[in-house]
Amino acid sequence: MHAELPQVVADIASSDGLTRKFLLRLDDGQTIETVAMGYPGRFTVCVSTQAGCAMGCVFCATGQMGFFRHLRPGEIVAQVLHARDALALEGKRGLRNLVLMGMGEPLHNYDAVITALDIISDTRGLNIGPSKITISTVGFVPGILRLAGEKRGYKLAVSLHGATDEERCALVPIGTKWPLAELMEACRTYCEQTQRRIFFEWTLIAGTNDSPQHARKLASLLAGLDAHVNLIPLNPTSGFSGGATSAAAAKEFQRVLRAQGIPSTVRQRRGIDVAAGCGQLIGTALGVGQPSRLSEWDRRPACP
């Protein structure tokens with residue numbers, strides 16, 4: 001296998017001074033996006049694993065565009081190489097973390113993803129340790145069980161967004177294939193077999209899933225699991241009319257989770273002005289600098 005270096009179509013810096021998005025064209029003309037994010041003393045790169053996505057999450061721009069094809073291992077590795085080299089040209093070093101949270105469902109492309117991560121984590125490769133790599137899934141149960149059985153050292157993040165089948169399926173259509181009972185059983189199996197924590201992703205959508213009642217249902221769903229919840233205020237996309245929760249509602253959601261013994265973090269919003277945030281990647285430079293709706297989260301300063 002060799003890294004399949006893509007053509008750089010666009011290299012776009014966010015006004016937040018911490019986020020940089022790369023629009024890359026593959027050899028068959030498909031385009032994908034990769035995002036580099038700066039934090040104190042380190043950088044994280046968010047890579048894509050597919051051109052498009054078959055999961056169809058209604059609030060996600062990638063899900064709205066549909067599925068084109070899986071990426072090959074070399075195309076996944078090449079994104080990390082490009083981000084590392086682009087940062088190095090600016091004298092920025094310390095690419096230490098990798099998240100598979102870009103375009104696509106990583107566990108739907110399991111073999112290629114694992115092959116790429118074996119190279120990226122190898123000390124003879126990019127030497128990003130497995131504990132610094134997070135695989136995000138919308139709930140692809142066979143992949144979760146396979147990860148559990150193979151006991152790989154990567155972190156696992158599972159997107160929920162709803163704590164009942166009815167609420168979740170309205171946002172995440174894959175929930176009709178693998179209902180919450182089956183998904184949570186797979187998560188319990190993962191925790192038992194790997195002895196690792198699972199990070200659960202919850203996109204906070206105003207008036208949809210951001211009430212204290214929703215928080216209590218989520219806490220009940222996660223009871224007994226080694227879990228941490230990442231709360232993500234909704235990022236705007238042109239294909240979804242919902243809005244981000246308020247800061248007050250997010251704080252109350254956190255308070256309810258904490259009272260039930262569930263740790264959580266409200267994720268910083270990054271790169272919204274260049275459509276580089278979670279759920280905004282669509283493999284095109286269209287709309288750069290033109291977020292469809294602003295909210296109070298877009299006016300909150302990023303952490304230094």
# chains A, B, ... in the order shown; residues from 1 in each chain; ligands from 1
$ residues_around --residues "A:Ile174" --least-positions-apart "2" --cutoff "10 Å" --atoms "only C-alpha atoms" --output "PyMOL selection string"
chain A and resi 54-57+138-140+168-172+176-179
$ write_last_selection --atoms "N, CA and C atoms" --output "CSV table (one decimal), in the first residue's frame"
chain,number,residue,atom,x,y,z
A,54,ALA,N,-23.5,6.9,3.7
A,54,ALA,CA,-24.8,6.2,3.5
A,54,ALA,C,-25.7,6.2,4.7
A,55,MET,N,-25.3,6.9,5.8
A,55,MET,CA,-26.1,6.8,7.1
A,55,MET,C,-27.3,7.7,7.1
A,56,GLY,N,-27.2,8.8,6.4
A,56,GLY,CA,-28.3,9.7,6.2
A,56,GLY,C,-28.8,10.5,7.4
A,57,CYS,N,-27.9,10.8,8.4
A,57,CYS,CA,-28.3,11.6,9.5
A,57,CYS,C,-28.8,12.9,9.0
A,138,VAL,N,-21.9,6.2,14.0
A,138,VAL,CA,-23.3,6.5,14.3
A,138,VAL,C,-24.0,5.4,14.9
A,139,GLY,N,-23.3,4.3,15.1
A,139,GLY,CA,-24.0,3.1,15.7
A,139,GLY,C,-24.0,1.9,14.8
A,140,PHE,N,-22.9,1.7,14.1
A,140,PHE,CA,-22.8,0.6,13.1
A,140,PHE,C,-22.4,-0.7,14.0
A,168,ARG,N,-34.5,8.9,18.2
A,168,ARG,CA,-33.3,8.7,17.5
A,168,ARG,C,-33.5,8.5,16.0
A,169,CYS,N,-34.5,7.7,15.7
A,169,CYS,CA,-34.7,7.4,14.3
A,169,CYS,C,-35.1,8.6,13.5
A,170,ALA,N,-35.7,9.6,14.1
A,170,ALA,CA,-36.1,10.8,13.5
A,170,ALA,C,-34.9,11.6,13.0
A,171,LEU,N,-33.7,11.4,13.7
A,171,LEU,CA,-32.5,12.1,13.4
A,171,LEU,C,-31.5,11.2,12.7
A,172,VAL,N,-31.5,9.9,13.1
A,172,VAL,CA,-30.5,9.0,12.7
A,172,VAL,C,-31.2,7.7,12.1
A,176,THR,N,-33.2,2.5,12.7
A,176,THR,CA,-34.3,1.5,12.3
A,176,THR,C,-33.7,0.1,12.0
A,177,LYS,N,-32.4,0.1,11.6
A,177,LYS,CA,-31.7,-1.2,11.4
A,177,LYS,C,-31.1,-1.8,12.7
A,178,TRP,N,-30.6,-0.9,13.5
A,178,TRP,CA,-30.0,-1.4,14.8
A,178,TRP,C,-30.7,-0.5,15.9
A,179,PRO,N,-31.8,-1.0,16.5
A,179,PRO,CA,-32.5,-0.2,17.5
A,179,PRO,C,-31.5,0.0,18.8
$ residues_around --residues "A:Val8" --least-positions-apart "5" --cutoff "12 Å" --atoms "only C-alpha atoms" --output "PyMOL selection string"
chain A and resi 21-27+29+31-34+78-79+82-83+86+283-285
$ select_by_dssp --residues "stretch 187-301 of chain A" --states "strand (DSSP E or B)" --output "list in words"
Ile198, Phe199, Phe200, Glu201, Trp202, Thr203, Leu204, Ile205, Ala227, His228, Val229, Asn230, Leu231, Ile232, Pro233, Ala244, Ser264, Thr265 and Val266 of chain A
$ residues_around --residues "stretch 92-104 of chain A" --least-positions-apart "2" --cutoff "9 Å" --atoms "only C-alpha atoms" --output "count of residues only"
52
$ residues_around --residues "A:Val256" --least-positions-apart "4" --cutoff "9 Å" --atoms "only C-alpha atoms" --output "JSON, numbers by chain"
{"A": [212, 213, 215, 216, 219, 251, 252, 260, 261, 262]}
$ select_by_dssp --residues "stretch 143-221 of chain A" --states "helix (DSSP H, G or I)" --output "ChimeraX atom specification"
/A:143-150,165-171,173-176,180-194,212-221
$ closest_residue --among "A:Gly153, A:Gly207, A:Gly224, A:Gly162" --to "A:Ala249" --atoms "only C-alpha atoms"
A:Gly207
$ closest_residue --among "A:His214, A:Leu107, A:Ala163, A:Asp226" --to "A:Leu147" --atoms "only C-alpha atoms"
A:Leu107
$ residues_around --residues "A:Pro233" --least-positions-apart "4" --cutoff "12 Å" --atoms "only C-alpha atoms" --output "VMD selection string"
chain A and resid 59 161 201 to 206 208 to 210 242 to 251 253 265 to 270 272 277 to 279 294 to 298
$ write_last_selection --atoms "C-alpha atoms" --output "mmCIF file, in the first residue's frame"
data_model
loop_
_atom_site.group_PDB
_atom_site.id
_atom_site.type_symbol
_atom_site.label_atom_id
_atom_site.label_comp_id
_atom_site.auth_asym_id
_atom_site.auth_seq_id
_atom_site.Cartn_x
_atom_site.Cartn_y
_atom_site.Cartn_z
ATOM 1 C CA PHE A 59 -28.735 17.247 10.451
ATOM 2 C CA HIS A 161 -28.658 12.087 19.607
ATOM 3 C CA GLU A 201 -21.847 12.074 21.033
ATOM 4 C CA TRP A 202 -25.038 14.073 21.467
ATOM 5 C CA THR A 203 -25.835 16.922 19.079
ATOM 6 C CA LEU A 204 -27.916 19.474 20.982
ATOM 7 C CA ILE A 205 -30.774 20.746 18.805
ATOM 8 C CA ALA A 206 -32.992 23.459 20.237
ATOM 9 C CA THR A 208 -35.687 18.685 19.847
ATOM 10 C CA ASN A 209 -33.345 16.874 22.245
ATOM 11 C CA ASP A 210 -31.934 19.491 24.630
ATOM 12 C CA GLY A 242 -33.028 23.096 13.278
ATOM 13 C CA GLY A 243 -30.948 25.428 15.420
ATOM 14 C CA ALA A 244 -28.321 25.042 18.095
ATOM 15 C CA THR A 245 -29.389 24.834 21.712
ATOM 16 C CA SER A 246 -28.785 27.835 23.971
ATOM 17 C CA ALA A 247 -25.789 27.980 26.283
ATOM 18 C CA ALA A 248 -28.173 27.941 29.268
ATOM 19 C CA ALA A 249 -29.913 24.787 28.032
ATOM 20 C CA ALA A 250 -26.566 23.075 27.413
ATOM 21 C CA LYS A 251 -25.432 23.949 30.926
ATOM 22 C CA PHE A 253 -28.322 19.388 30.313
ATOM 23 C CA THR A 265 -18.104 18.040 27.976
ATOM 24 C CA VAL A 266 -19.601 20.744 25.767
ATOM 25 C CA ARG A 267 -17.479 20.646 22.623
ATOM 26 C CA GLN A 268 -15.934 23.870 21.394
ATOM 27 C CA ARG A 269 -17.278 25.050 18.066
ATOM 28 C CA ARG A 270 -14.499 25.331 15.506
ATOM 29 C CA ILE A 272 -18.041 27.295 11.518
ATOM 30 C CA GLY A 277 -17.427 22.002 11.991
ATOM 31 C CA CYS A 278 -18.842 18.643 12.958
ATOM 32 C CA GLY A 279 -21.552 17.669 10.457
ATOM 33 C CA LEU A 294 -25.508 32.228 13.228
ATOM 34 C CA SER A 295 -26.166 31.499 16.875
ATOM 35 C CA GLU A 296 -24.757 32.578 20.185
ATOM 36 C CA TRP A 297 -22.237 29.722 19.891
ATOM 37 C CA ASP A 298 -20.670 31.405 16.846
#
$ residues_around --residues "A:Pro73" --least-positions-apart "3" --cutoff "7 Å" --atoms "only C-alpha atoms" --output "number ranges by chain"
A: 76-77, 112-113, 115-116
$ closest_residue --among "A:Asp28, A:Glu75, A:Glu185, A:Asp11" --to "A:Leu222" --atoms "only C-alpha atoms"
A:Glu185
$ closest_residue --among "A:Cys191, A:Leu81, A:Leu257, A:Leu180" --to "A:Asn230" --atoms "only C-alpha atoms"
A:Leu257
$ atom_distance --atom1 "atom CA of A:Asp273" --atom2 "atom CA of A:Glu105"
24.1 Å
